[in-house]
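> Following this line is upload.cif, made up of mmCIF, C-alpha atoms:
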```
data_work
#
loop_
_atom_site.label_atom_id
_atom_site.label_comp_id
_atom_site.auth_asym_id
_atom_site.auth_seq_id
_atom_site.Cartn_x
_atom_site.Cartn_y
_atom_site.Cartn_z
CA MET A 1 -59.83 -52.65 -172.93
CA GLU A 2 -61.46 -54.65 -170.18
CA GLU A 3 -58.15 -56.40 -169.60
CA GLU A 4 -56.38 -53.05 -169.34
CA VAL A 5 -58.76 -51.84 -166.66
CA ARG A 6 -58.44 -55.09 -164.78
CA LYS A 7 -54.68 -54.77 -164.84
CA ILE A 8 -54.49 -51.27 -163.47
CA SER A 9 -57.19 -51.99 -160.89
CA VAL A 10 -54.96 -54.49 -159.11
CA LYS A 11 -54.61 -53.17 -155.57
CA LEU A 12 -51.21 -54.52 -154.74
CA PRO A 13 -50.31 -54.45 -151.02
CA GLU A 14 -48.13 -51.41 -150.39
CA PRO A 15 -45.07 -53.33 -149.11
CA SER A 16 -45.04 -55.40 -152.33
CA LEU A 17 -45.46 -52.31 -154.46
CA ARG A 18 -42.58 -50.61 -152.66
CA ARG A 19 -40.25 -53.53 -153.37
CA LEU A 20 -40.91 -53.64 -157.13
CA PRO A 21 -38.56 -50.70 -157.92
CA TRP A 22 -35.70 -52.64 -156.26
CA TYR A 23 -36.30 -55.60 -158.56
CA LEU A 24 -36.51 -53.28 -161.56
CA ALA A 25 -33.20 -51.58 -160.70
CA TYR A 26 -31.45 -54.94 -160.40
CA LEU A 27 -33.00 -56.30 -163.61
CA LYS A 28 -31.73 -53.29 -165.53
CA LEU A 29 -28.21 -54.02 -164.28
CA LEU A 30 -28.55 -57.62 -165.47
CA LYS A 31 -29.79 -56.44 -168.85
CA ASP A 32 -26.76 -54.13 -169.21
CA LYS A 33 -24.58 -57.15 -168.50
CA GLY A 34 -26.31 -59.08 -171.30
CA GLU A 35 -28.16 -61.56 -169.06
CA LEU A 36 -31.29 -63.05 -170.64
CA TYR A 37 -32.91 -64.95 -167.75
CA VAL A 38 -33.02 -64.52 -163.99
CA SER A 39 -34.42 -66.63 -161.17
CA SER A 40 -36.05 -65.27 -158.02
CA THR A 41 -33.23 -66.96 -156.07
CA GLN A 42 -30.69 -64.93 -158.02
CA ILE A 43 -32.58 -61.67 -157.38
CA ALA A 44 -32.91 -62.67 -153.73
CA LYS A 45 -29.17 -63.20 -153.36
CA ALA A 46 -28.31 -59.91 -155.07
CA ILE A 47 -30.63 -57.61 -153.14
CA GLY A 48 -31.22 -59.46 -149.88
CA VAL A 49 -34.97 -60.11 -150.13
CA ASP A 50 -36.43 -63.59 -149.54
CA ALA A 51 -36.88 -65.53 -152.85
CA SER A 52 -40.41 -66.64 -152.02
CA GLN A 53 -41.33 -63.04 -151.24
CA ILE A 54 -40.02 -61.97 -154.64
CA ALA A 55 -41.99 -64.70 -156.44
CA LYS A 56 -45.11 -63.66 -154.53
CA ASP A 57 -44.64 -59.95 -155.28
CA LEU A 58 -44.16 -60.70 -158.99
CA SER A 59 -47.19 -63.00 -159.10
CA PHE A 60 -49.37 -59.97 -158.23
CA ILE A 61 -48.52 -58.44 -161.59
CA ASN A 62 -49.29 -61.63 -163.52
CA ILE A 63 -45.71 -62.54 -164.17
CA SER A 64 -44.53 -66.05 -163.48
CA GLY A 65 -41.13 -67.56 -164.06
CA LYS A 66 -40.49 -70.73 -166.02
CA THR A 67 -39.08 -73.79 -164.28
CA ARG A 68 -35.30 -73.97 -164.60
CA VAL A 69 -34.79 -70.79 -166.65
CA GLY A 70 -36.68 -68.31 -164.47
CA TYR A 71 -37.95 -64.93 -165.67
CA LYS A 72 -37.05 -63.39 -168.99
CA VAL A 73 -35.12 -60.24 -168.03
CA ASP A 74 -36.33 -58.11 -170.94
CA SER A 75 -40.02 -58.92 -170.52
CA LEU A 76 -39.91 -58.52 -166.77
CA ILE A 77 -38.39 -55.04 -167.12
CA THR A 78 -41.12 -54.01 -169.57
CA VAL A 79 -43.91 -55.40 -167.42
CA LEU A 80 -42.54 -53.77 -164.27
CA GLU A 81 -42.02 -50.39 -165.93
CA ASN A 82 -45.54 -50.48 -167.34
CA PHE A 83 -47.03 -51.58 -164.07
CA LEU A 84 -45.13 -49.00 -162.02
CA GLY A 85 -45.91 -46.22 -164.49
CA PHE A 86 -42.24 -45.18 -164.67
CA ASN A 87 -42.42 -44.88 -168.48
CA ILE A 88 -45.45 -42.56 -168.45
CA SER A 89 -45.13 -38.87 -167.62
CA HIS A 90 -47.04 -37.81 -164.47
CA LYS A 91 -47.37 -34.08 -163.96
CA ALA A 92 -46.48 -32.64 -160.57
CA PHE A 93 -46.38 -29.21 -158.90
CA ILE A 94 -43.94 -28.20 -156.16
CA PHE A 95 -45.37 -26.18 -153.29
CA GLY A 96 -42.66 -24.18 -151.53
CA VAL A 97 -39.60 -23.17 -153.52
CA GLY A 98 -37.14 -22.83 -150.63
CA SER A 99 -33.83 -24.64 -150.36
CA LEU A 100 -35.28 -28.15 -150.69
CA GLY A 101 -37.94 -27.23 -153.27
CA ALA A 102 -35.37 -25.50 -155.46
CA ALA A 103 -33.01 -28.49 -155.08
CA LEU A 104 -35.77 -30.81 -156.32
CA LEU A 105 -36.38 -28.52 -159.31
CA HIS A 106 -32.69 -28.96 -160.15
CA ASP A 107 -32.84 -32.75 -160.00
CA THR A 108 -33.53 -34.01 -163.51
CA GLY A 109 -33.43 -37.66 -162.41
CA LEU A 110 -37.08 -37.79 -161.31
CA ALA A 111 -38.24 -37.36 -164.93
CA GLN A 112 -36.58 -40.68 -165.78
CA TYR A 113 -38.98 -42.35 -163.36
CA GLY A 114 -42.09 -40.70 -164.75
CA LEU A 115 -42.33 -37.62 -162.54
CA GLN A 116 -42.49 -34.40 -164.53
CA ILE A 117 -42.41 -31.30 -162.34
CA VAL A 118 -44.25 -28.70 -164.46
CA ALA A 119 -44.33 -25.72 -162.07
CA GLY A 120 -43.43 -24.49 -158.62
CA PHE A 121 -45.47 -22.22 -156.31
CA ASP A 122 -44.34 -19.97 -153.48
CA ILE A 123 -45.79 -17.10 -151.49
CA ARG A 124 -42.70 -14.90 -151.83
CA PRO A 125 -43.45 -12.24 -154.46
CA GLU A 126 -39.82 -12.08 -155.63
CA LEU A 127 -39.99 -15.69 -156.84
CA ALA A 128 -43.17 -15.21 -158.89
CA ASN A 129 -42.74 -15.57 -162.66
CA THR A 130 -39.12 -16.66 -162.44
CA THR A 131 -37.81 -20.04 -163.62
CA ILE A 132 -35.52 -22.58 -161.98
CA ASN A 133 -33.82 -25.06 -164.27
CA GLY A 134 -36.32 -24.06 -166.95
CA ILE A 135 -39.35 -24.79 -164.75
CA PRO A 136 -41.68 -21.83 -164.11
CA VAL A 137 -42.31 -20.61 -160.56
CA PHE A 138 -45.57 -18.79 -159.83
CA HIS A 139 -47.14 -17.05 -156.86
CA LEU A 140 -49.31 -19.42 -154.86
CA SER A 141 -52.35 -17.30 -155.70
CA ASP A 142 -51.97 -18.43 -159.34
CA PHE A 143 -52.29 -22.12 -158.41
CA VAL A 144 -55.98 -22.55 -159.31
CA GLN A 145 -55.48 -20.91 -162.72
CA LYS A 146 -52.30 -22.88 -163.50
CA GLN A 147 -53.99 -26.09 -162.40
CA LYS A 148 -56.65 -25.46 -165.08
CA GLU A 149 -53.94 -25.00 -167.70
CA LEU A 150 -51.55 -27.74 -166.63
CA GLY A 151 -53.69 -30.30 -164.81
CA ALA A 152 -51.25 -31.85 -162.33
CA ASN A 153 -52.58 -34.34 -159.83
CA ILE A 154 -49.38 -34.82 -157.83
CA GLY A 155 -48.20 -32.14 -155.38
CA ILE A 156 -44.76 -32.09 -153.76
CA LEU A 157 -44.93 -30.41 -150.36
CA THR A 158 -41.75 -28.53 -149.46
CA VAL A 159 -43.15 -25.56 -147.50
CA PRO A 160 -41.94 -24.66 -143.97
CA VAL A 161 -43.30 -27.06 -141.38
CA ASP A 162 -45.73 -24.51 -139.85
CA LYS A 163 -47.41 -24.11 -143.26
CA ALA A 164 -47.60 -27.82 -144.11
CA GLN A 165 -51.19 -28.59 -143.07
CA GLU A 166 -52.59 -25.38 -144.53
CA ALA A 167 -50.73 -25.89 -147.82
CA ALA A 168 -51.89 -29.51 -148.05
CA GLU A 169 -55.50 -28.37 -147.68
CA SER A 170 -55.11 -25.75 -150.43
CA MET A 171 -53.50 -28.34 -152.69
CA ILE A 172 -56.39 -30.75 -152.21
CA ALA A 173 -58.98 -27.99 -152.69
CA GLY A 174 -57.24 -27.18 -155.98
CA GLY A 175 -57.44 -30.73 -157.30
CA ILE A 176 -54.21 -32.40 -156.13
CA LYS A 177 -54.86 -36.13 -155.56
CA ALA A 178 -51.47 -37.33 -154.31
CA ILE A 179 -49.16 -35.46 -151.92
CA TRP A 180 -45.48 -36.24 -151.62
CA ASN A 181 -44.71 -34.77 -148.22
CA PHE A 182 -41.10 -33.67 -147.72
CA THR A 183 -41.82 -31.81 -144.47
CA PRO A 184 -41.37 -33.45 -141.06
CA PHE A 185 -45.02 -32.61 -140.30
CA ARG A 186 -47.55 -35.43 -140.43
CA ILE A 187 -50.34 -33.91 -142.54
CA ARG A 188 -53.97 -34.99 -142.15
CA VAL A 189 -55.87 -35.58 -145.41
CA PRO A 190 -59.18 -37.12 -146.56
CA LYS A 191 -59.10 -40.87 -147.21
CA ASN A 192 -59.19 -40.57 -151.00
CA ILE A 193 -55.92 -38.59 -151.07
CA VAL A 194 -52.67 -40.53 -151.49
CA VAL A 195 -49.89 -39.37 -149.15
CA GLN A 196 -46.28 -40.48 -149.19
CA ASN A 197 -44.10 -39.08 -146.40
CA ILE A 198 -40.45 -38.81 -147.30
CA SER A 199 -38.47 -40.05 -144.35
CA ILE A 200 -35.51 -37.66 -144.39
CA TYR A 201 -35.82 -36.86 -140.69
CA ALA A 202 -36.58 -40.43 -139.69
CA HIS A 203 -33.47 -41.54 -141.61
CA LEU A 204 -31.29 -38.96 -139.90
CA ALA A 205 -32.72 -40.03 -136.52
CA VAL A 206 -31.95 -43.69 -137.20
CA MET A 207 -28.42 -43.02 -138.51
CA PHE A 208 -27.43 -40.66 -135.69
CA ASN A 209 -28.91 -42.94 -133.02
CA ARG A 210 -27.41 -46.17 -134.32
CA LEU A 211 -24.00 -44.54 -134.75
CA ASN A 212 -24.11 -43.38 -131.12
CA VAL A 213 -25.25 -46.80 -129.87
CA THR A 214 -22.34 -48.43 -131.71
CA LYS A 215 -19.88 -45.95 -130.22
CA ALA A 216 -21.20 -46.38 -126.69
CA LYS A 217 -20.75 -50.15 -126.75
CA MET B 1 -20.91 -39.85 -117.25
CA GLU B 2 -22.29 -43.28 -116.63
CA GLU B 3 -25.78 -41.89 -117.01
CA GLU B 4 -24.81 -40.29 -120.34
CA VAL B 5 -23.58 -43.62 -121.72
CA ARG B 6 -26.68 -45.37 -120.50
CA LYS B 7 -28.87 -42.80 -122.21
CA ILE B 8 -27.25 -43.06 -125.64
CA SER B 9 -27.04 -46.83 -125.40
CA VAL B 10 -30.84 -47.15 -125.45
CA LYS B 11 -31.61 -49.26 -128.48
CA LEU B 12 -34.99 -47.87 -129.34
CA PRO B 13 -37.03 -49.99 -131.80
CA GLU B 14 -36.67 -48.45 -135.26
CA PRO B 15 -40.40 -47.73 -135.79
CA SER B 16 -40.48 -45.73 -132.53
CA LEU B 17 -37.29 -43.89 -133.45
CA ARG B 18 -38.74 -42.98 -136.84
CA ARG B 19 -41.84 -41.45 -135.27
CA LEU B 20 -39.95 -39.18 -132.85
CA PRO B 21 -39.20 -36.51 -135.53
CA TRP B 22 -42.96 -36.19 -136.19
CA TYR B 23 -43.58 -35.44 -132.52
CA LEU B 24 -40.69 -32.98 -132.49
CA ALA B 25 -42.02 -31.10 -135.55
CA TYR B 26 -45.46 -30.78 -133.98
CA LEU B 27 -44.07 -29.70 -130.58
CA LYS B 28 -42.09 -26.92 -132.23
CA LEU B 29 -45.30 -25.63 -133.81
CA LEU B 30 -46.98 -25.65 -130.40
CA LYS B 31 -44.04 -23.77 -128.90
CA ASP B 32 -44.29 -21.10 -131.62
CA LYS B 33 -47.96 -20.71 -130.69
CA GLY B 34 -46.99 -20.16 -127.05
CA GLU B 35 -48.37 -23.47 -125.71
CA LEU B 36 -46.73 -24.66 -122.48
CA TYR B 37 -48.13 -28.17 -122.03
CA VAL B 38 -49.32 -30.92 -124.35
CA SER B 39 -50.97 -34.29 -123.78
CA SER B 40 -50.34 -37.42 -125.84
CA THR B 41 -54.03 -37.29 -126.82
CA GLN B 42 -53.50 -33.81 -128.26
CA ILE B 43 -50.42 -34.93 -130.24
CA ALA B 44 -52.35 -38.00 -131.38
CA LYS B 45 -55.22 -35.91 -132.71
CA ALA B 46 -52.90 -33.50 -134.54
CA ILE B 47 -50.71 -36.02 -136.33
CA GLY B 48 -52.88 -39.12 -136.54
CA VAL B 49 -50.85 -41.53 -134.40
CA ASP B 50 -52.46 -43.54 -131.57
CA ALA B 51 -52.09 -41.79 -128.17
CA SER B 52 -50.94 -44.93 -126.37
CA GLN B 53 -48.30 -45.45 -129.06
CA ILE B 54 -47.03 -41.91 -128.50
CA ALA B 55 -46.86 -42.40 -124.72
CA LYS B 56 -44.97 -45.66 -125.26
CA ASP B 57 -42.52 -44.11 -127.75
CA LEU B 58 -41.80 -41.25 -125.37
CA SER B 59 -41.36 -43.57 -122.39
CA PHE B 60 -38.32 -45.09 -124.19
CA ILE B 61 -36.49 -41.81 -123.80
CA ASN B 62 -37.33 -41.48 -120.10
CA ILE B 63 -39.91 -38.79 -120.54
CA SER B 64 -43.24 -39.14 -118.83
CA GLY B 65 -46.15 -36.74 -118.79
CA LYS B 66 -47.84 -35.47 -115.64
CA THR B 67 -51.45 -36.38 -114.94
CA ARG B 68 -53.86 -33.70 -116.20
CA VAL B 69 -51.25 -31.27 -117.61
CA GLY B 70 -49.31 -33.66 -119.85
CA TYR B 71 -45.77 -33.02 -121.11
CA LYS B 72 -43.97 -29.72 -120.79
CA VAL B 73 -43.52 -28.58 -124.42
CA ASP B 74 -40.15 -26.88 -123.88
CA SER B 75 -38.54 -29.76 -122.01
CA LEU B 76 -39.88 -32.35 -124.41
CA ILE B 77 -38.40 -30.47 -127.38
CA THR B 78 -34.99 -30.29 -125.67
CA VAL B 79 -35.02 -33.96 -124.69
CA LEU B 80 -36.11 -35.07 -128.18
CA GLU B 81 -33.53 -32.90 -129.95
CA ASN B 82 -30.78 -34.20 -127.68
CA PHE B 83 -31.91 -37.78 -128.06
CA LEU B 84 -32.24 -37.54 -131.85
CA GLY B 85 -28.92 -35.76 -132.20
CA PHE B 86 -30.47 -33.02 -134.36
CA ASN B 87 -28.61 -30.31 -132.39
CA ILE B 88 -25.19 -31.91 -132.88
CA SER B 89 -23.29 -31.64 -136.16
CA HIS B 90 -22.69 -35.01 -137.89
CA LYS B 91 -20.22 -34.93 -140.77
CA ALA B 92 -21.21 -36.56 -144.04
CA PHE B 93 -19.69 -37.09 -147.48
CA ILE B 94 -21.67 -37.28 -150.72
CA PHE B 95 -20.61 -39.95 -153.20
CA GLY B 96 -21.73 -39.09 -156.73
CA VAL B 97 -22.19 -35.43 -157.62
CA GLY B 98 -24.69 -35.84 -160.45
CA SER B 99 -28.10 -34.18 -160.63
CA LEU B 100 -29.35 -35.54 -157.29
CA GLY B 101 -26.01 -35.25 -155.47
CA ALA B 102 -25.60 -31.64 -156.58
CA ALA B 103 -29.20 -30.91 -155.56
CA LEU B 104 -28.50 -32.24 -152.06
CA LEU B 105 -25.38 -30.05 -151.83
CA HIS B 106 -27.65 -27.08 -152.55
CA ASP B 107 -30.12 -27.97 -149.82
CA THR B 108 -29.10 -26.09 -146.69
CA GLY B 109 -32.01 -27.51 -144.67
CA LEU B 110 -30.24 -30.73 -143.70
CA ALA B 111 -27.74 -28.78 -141.56
CA GLN B 112 -30.63 -27.65 -139.33
CA TYR B 113 -31.21 -31.31 -138.47
CA GLY B 114 -27.57 -32.04 -137.64
CA LEU B 115 -26.31 -33.27 -141.01
CA GLN B 116 -23.27 -31.34 -142.19
CA ILE B 117 -22.16 -32.33 -145.69
CA VAL B 118 -18.45 -31.53 -145.67
CA ALA B 119 -17.39 -32.80 -149.13
CA GLY B 120 -18.56 -34.49 -152.30
CA PHE B 121 -16.72 -37.10 -154.37
CA ASP B 122 -17.10 -38.01 -158.03
CA ILE B 123 -15.10 -39.90 -160.64
CA ARG B 124 -15.46 -37.20 -163.31
CA PRO B 125 -12.15 -35.30 -163.50
CA GLU B 126 -13.88 -32.02 -164.47
CA LEU B 127 -15.65 -31.91 -161.08
CA ALA B 128 -12.49 -32.43 -159.01
CA ASN B 129 -11.47 -29.47 -156.85
CA THR B 130 -14.57 -27.43 -157.65
CA THR B 131 -17.13 -26.31 -155.08
CA ILE B 132 -20.92 -26.45 -155.04
CA ASN B 133 -22.70 -24.11 -152.66
CA GLY B 134 -19.36 -23.63 -150.92
CA ILE B 135 -18.84 -27.36 -150.35
CA PRO B 136 -15.66 -28.83 -151.92
CA VAL B 137 -15.92 -31.62 -154.51
CA PHE B 138 -12.96 -33.99 -154.92
CA HIS B 139 -12.03 -36.86 -157.17
CA LEU B 140 -13.05 -40.19 -155.65
CA SER B 141 -9.39 -41.18 -155.50
CA ASP B 142 -8.89 -38.50 -152.83
CA PHE B 143 -11.49 -40.05 -150.52
CA VAL B 144 -9.08 -41.90 -148.20
CA GLN B 145 -6.93 -38.81 -147.74
CA LYS B 146 -9.91 -36.49 -147.17
CA GLN B 147 -11.41 -38.98 -144.74
CA LYS B 148 -8.22 -38.68 -142.64
CA GLU B 149 -8.56 -34.90 -142.65
CA LEU B 150 -12.32 -34.59 -142.22
CA GLY B 151 -13.38 -37.79 -140.46
CA ALA B 152 -16.97 -38.26 -141.70
CA ASN B 153 -18.78 -41.42 -140.72
CA ILE B 154 -21.94 -40.86 -142.77
CA GLY B 155 -21.91 -41.37 -146.55
CA ILE B 156 -24.70 -40.27 -148.88
CA LEU B 157 -24.88 -42.56 -151.89
CA THR B 158 -26.02 -40.79 -155.06
CA VAL B 159 -23.98 -42.60 -157.74
CA PRO B 160 -25.57 -44.21 -160.82
CA VAL B 161 -27.36 -47.45 -159.94
CA ASP B 162 -24.76 -49.67 -161.64
CA LYS B 163 -22.04 -48.24 -159.39
CA ALA B 164 -24.04 -48.41 -156.13
CA GLN B 165 -22.70 -51.68 -154.69
CA GLU B 166 -19.11 -50.96 -155.65
CA ALA B 167 -19.27 -47.42 -154.24
CA ALA B 168 -20.83 -48.69 -151.00
CA GLU B 169 -17.95 -51.12 -150.56
CA SER B 170 -15.35 -48.39 -151.12
CA MET B 171 -17.16 -46.14 -148.64
CA ILE B 172 -17.11 -48.85 -145.97
CA ALA B 173 -13.46 -49.71 -146.66
CA GLY B 174 -12.69 -46.00 -146.16
CA GLY B 175 -14.36 -45.82 -142.76
CA ILE B 176 -17.97 -44.85 -143.49
CA LYS B 177 -20.25 -46.35 -140.82
CA ALA B 178 -23.70 -45.26 -142.02
CA ILE B 179 -24.90 -45.13 -145.64
CA TRP B 180 -27.87 -43.05 -146.73
CA ASN B 181 -28.76 -44.77 -149.98
CA PHE B 182 -30.53 -42.55 -152.52
CA THR B 183 -30.17 -45.06 -155.39
CA PRO B 184 -32.93 -47.55 -156.23
CA PHE B 185 -30.38 -50.37 -155.77
CA ARG B 186 -30.59 -52.45 -152.62
CA ILE B 187 -26.97 -52.47 -151.44
CA ARG B 188 -25.53 -55.34 -149.38
CA VAL B 189 -23.40 -54.33 -146.40
CA PRO B 190 -21.87 -55.94 -143.30
CA LYS B 191 -24.11 -56.11 -140.22
CA ASN B 192 -22.32 -53.35 -138.33
CA ILE B 193 -23.04 -50.79 -141.06
CA VAL B 194 -26.20 -48.69 -140.74
CA VAL B 195 -28.15 -48.34 -143.99
CA GLN B 196 -31.15 -46.12 -144.65
CA ASN B 197 -32.72 -46.46 -148.08
CA ILE B 198 -34.49 -43.35 -149.29
CA SER B 199 -37.75 -44.44 -150.81
CA ILE B 200 -38.03 -42.02 -153.73
CA TYR B 201 -38.82 -44.78 -156.22
CA ALA B 202 -41.11 -46.65 -153.84
CA HIS B 203 -43.01 -43.40 -153.25
CA LEU B 204 -43.39 -42.75 -156.97
CA ALA B 205 -44.57 -46.35 -157.46
CA VAL B 206 -47.20 -46.00 -154.73
CA MET B 207 -48.45 -42.61 -155.93
CA PHE B 208 -48.67 -43.59 -159.62
CA ASN B 209 -50.32 -46.93 -158.80
CA ARG B 210 -52.86 -45.57 -156.35
CA LEU B 211 -53.77 -42.70 -158.70
CA ASN B 212 -54.40 -45.22 -161.48
CA VAL B 213 -56.44 -47.47 -159.23
CA THR B 214 -58.61 -44.51 -158.22
CA LYS B 215 -59.13 -43.53 -161.83
CA ALA B 216 -60.02 -47.04 -162.92
CA LYS B 217 -62.76 -47.40 -160.31
#
```
Would you give me this structure, written as structure tokens?

Amino acid sequence: MEEEVRKISVKLPEPSLRRLPWYLAYLKLLKDKGELYVSSTQIAKAIGVDASQIAKDLSFINISGKTRVGYKVDSLITVLENFLGFNISHKAFIFGVGSLGAALLHDTGLAQYGLQIVAGFDIRPELANTTINGIPVFHLSDFVQKQKELGANIGILTVPVDKAQEAAESMIAGGIKAIWNFTPFRIRVPKNIVVQNISIYAHLAVMFNRLNVTKAK
Amino acid sequence: MEEEVRKISVKLPEPSLRRLPWYLAYLKLLKDKGELYVSSTQIAKAIGVDASQIAKDLSFINISGKTRVGYKVDSLITVLENFLGFNISHKAFIFGVGSLGAALLHDTGLAQYGLQIVAGFDIRPELANTTINGIPVFHLSDFVQKQKELGANIGILTVPVDKAQEAAESMIAGGIKAIWNFTPFRIRVPKNIVVQNISIYAHLAVMFNRLNVTKAK
């Protein structure tokens, strides 16, 4: 039990943590191909991350490769999935069931990575008590009650940009501990709240800009 | 004309470029509230980015504030939208019309930021020559022909992870210049190809891990 707590208390640096899913995706490909062992050099070559960086990232989760043979593919997948929490179901609510919110409710792929969207909330009365892809949608005023019943601590923020800050504050007041922000607005939250900003608009900016720069050359 | 070329040739550092959409989102809120001027200090306070950083980022696009009054909200919005290319339509193809690909075809919000998805491609014969949300879906074997007709240079990669590298290579061979990678696989591409990796899995990893760390304390 003490070991368990120690394991999950590891505060991995965020850049390392963000790279782990890349390693996992590649390891699963290797497993499908029947590979038993993999070296950090091999991972490095396949996904374009420095081998020493990979070894360092993996050392944080108490995994070390053996000389010559490297890491055991199977074990490394299990350890990574456990560490990342991708094999445990984490309940989430969606706030804002517009075009993007509804699209996310249709995407069943997130559940494979441990994210279970259990309900959506919106202020439009016509959406209340409907379902999208089998997931119930409620009026925002039902959030506190549904939170008691369902107990989600992740909130996906897909409201219009002018409602983003206000919605984030309601979410936190209602017990949401981690906000996945899909709006282009930079929300302000207390320090104990986890925020991940999806970079849709940043990605579009980079692609459009770099394409133009290439053309102008 | 020369000035035009000079403007779009500005190779802004990527971190600065990625922050510009945050400023734009906030400026649009201010405009809706009827505000005429804004200072970098005011933007800084609202979105939690250092004021000197904001002034520096904006100086890259030849915008400077006036002493005391700051930036003119209206003009800054226009300049940012032009610079970011959000008011110009950029054609994109989606490769892989599974759960996530279909969800993205349903999201009409991307068009408001200049991304126009003009077709989807998939290898499943039953999807060929159907439409989703009015957007045509073709068999992957029609890509080269459709590229001649439609001329998209952005490709959204939503194939299964074991097909990601192969699909990326076909996309590039067919004339795609920028790949928006929604798979957890780290694709390898030639230097002249722009890649943006969506961080869905990294975000889940960070949220799950940080929530566990908080609990374990």
> From the list B:Tyr37, B:Phe138, B:Phe93, B:Tyr113, which residue is nearest chain A when using all atoms listed in the file?
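Of B:Tyr37, B:Phe138, B:Phe93, B:Tyr113, the one nearest chain A, counting all atoms listed in the file, is B:Tyr113.
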> Using only C-alpha atoms, can you tell me which of B:Phe60, B:Phe86, B:Phe143, B:Tyr71 comes closest to chain A?
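Counting only C-alpha atoms, the residue closest to chain A is B:Phe86.
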> Run the PyMOL selection byres ((chain A and resi 19-26) around 7) against the file shown and list the residues it catches, as an NGL selection string.
(:A and (15-18 or 27-30 or 77 or 80)) or (:B and (184-186 or 201-202))
> Just say which residues the PyMOL selection byres ((chain B and resi 177) around 10) picks in this file, as an MDAnalysis selection string.
(chainID A and resid 207 210:211 214) or (chainID B and resid 152:155 171:176 178:179 192:195)
> Name every residue that the PyMOL selection byres ((chain A and resi 116-118) around 10) selects in this structure, writing the answer as a compact mmCIF listing (two decimals) with C-alpha atoms, keeping the file's coordinate frame with chains first and numbers rising.

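What follows is the written file part30.txt:
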```txt
# COMPACT_ATOMS: atom_id res chain seq x y z
CA ILE A 88 -45.45 -42.56 -168.45
CA SER A 89 -45.13 -38.87 -167.62
CA HIS A 90 -47.04 -37.81 -164.47
CA LYS A 91 -47.37 -34.08 -163.96
CA ALA A 92 -46.48 -32.64 -160.57
CA PHE A 93 -46.38 -29.21 -158.90
CA ILE A 94 -43.94 -28.20 -156.16
CA LEU A 104 -35.77 -30.81 -156.32
CA LEU A 105 -36.38 -28.52 -159.31
CA ASP A 107 -32.84 -32.75 -160.00
CA THR A 108 -33.53 -34.01 -163.51
CA GLY A 109 -33.43 -37.66 -162.41
CA LEU A 110 -37.08 -37.79 -161.31
CA ALA A 111 -38.24 -37.36 -164.93
CA GLN A 112 -36.58 -40.68 -165.78
CA TYR A 113 -38.98 -42.35 -163.36
CA GLY A 114 -42.09 -40.70 -164.75
CA LEU A 115 -42.33 -37.62 -162.54
CA ALA A 119 -44.33 -25.72 -162.07
CA GLY A 120 -43.43 -24.49 -158.62
CA GLY A 134 -36.32 -24.06 -166.95
CA ILE A 135 -39.35 -24.79 -164.75
CA PRO A 136 -41.68 -21.83 -164.11
CA VAL A 137 -42.31 -20.61 -160.56
CA LYS A 146 -52.30 -22.88 -163.50
CA LEU A 150 -51.55 -27.74 -166.63
CA GLY A 151 -53.69 -30.30 -164.81
CA ALA A 152 -51.25 -31.85 -162.33
CA ILE A 154 -49.38 -34.82 -157.83
CA GLY A 155 -48.20 -32.14 -155.38
CA ILE A 156 -44.76 -32.09 -153.76
```
> List every protein, DNA or RNA residue with an atom no more than 10 Å from (-35.0, -38.6, -122.2) in the file's coordinates, counting all atoms listed in the file, and format the result as number ranges by chain.
B: 7-8, 58-64, 75-76, 78-83
> Please produce a file of those selected residues containing C-alpha atoms, as a compact mmCIF listing (two decimals), keeping the file's coordinate frame.

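result-v8.txt, freshly written:
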```txt
# COMPACT_ATOMS: atom_id res chain seq x y z
CA LYS B 7 -28.87 -42.80 -122.21
CA ILE B 8 -27.25 -43.06 -125.64
CA LEU B 58 -41.80 -41.25 -125.37
CA SER B 59 -41.36 -43.57 -122.39
CA PHE B 60 -38.32 -45.09 -124.19
CA ILE B 61 -36.49 -41.81 -123.80
CA ASN B 62 -37.33 -41.48 -120.10
CA ILE B 63 -39.91 -38.79 -120.54
CA SER B 64 -43.24 -39.14 -118.83
CA SER B 75 -38.54 -29.76 -122.01
CA LEU B 76 -39.88 -32.35 -124.41
CA THR B 78 -34.99 -30.29 -125.67
CA VAL B 79 -35.02 -33.96 -124.69
CA LEU B 80 -36.11 -35.07 -128.18
CA GLU B 81 -33.53 -32.90 -129.95
CA ASN B 82 -30.78 -34.20 -127.68
CA PHE B 83 -31.91 -37.78 -128.06
```
> Choose the residue, out of A:Ile43, A:Glu35, A:Gln145, A:Lys56, that has the smallest atom-to-atom separation from Leu12 (chain A); count all atoms listed in the file.
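Closest candidate: A:Lys56.
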> From the set B:Lys191, B:Asn129, B:Asp162, B:Lys11, which residue has the shortest atom-to-atom contact distance to Lys33 (chain A), counting only C-alpha atoms?
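Comparing B:Lys191, B:Asn129, B:Asp162, B:Lys11 against Lys33 (chain A), the winner is B:Asp162.
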> Work out how far apart CA of Asn87 (chain A) and CA of Asn209 (chain B) are and give it in Å to one decimal.
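Result for CA of Asn87 (chain A) versus CA of Asn209 (chain B): 12.7 Å, one decimal.
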> Could you please determine the separation between CA of Ser170 (chain B) and CA of Gly101 (chain B) in Å, to one decimal place?
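So the answer is 17.5 Å.
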> What does the distance from CA of Ile200 (chain A) to CA of Phe182 (chain A) come to in Å, to one decimal?
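Taking CA of Ile200 (chain A) and CA of Phe182 (chain A), their separation equals 7.6 Å.
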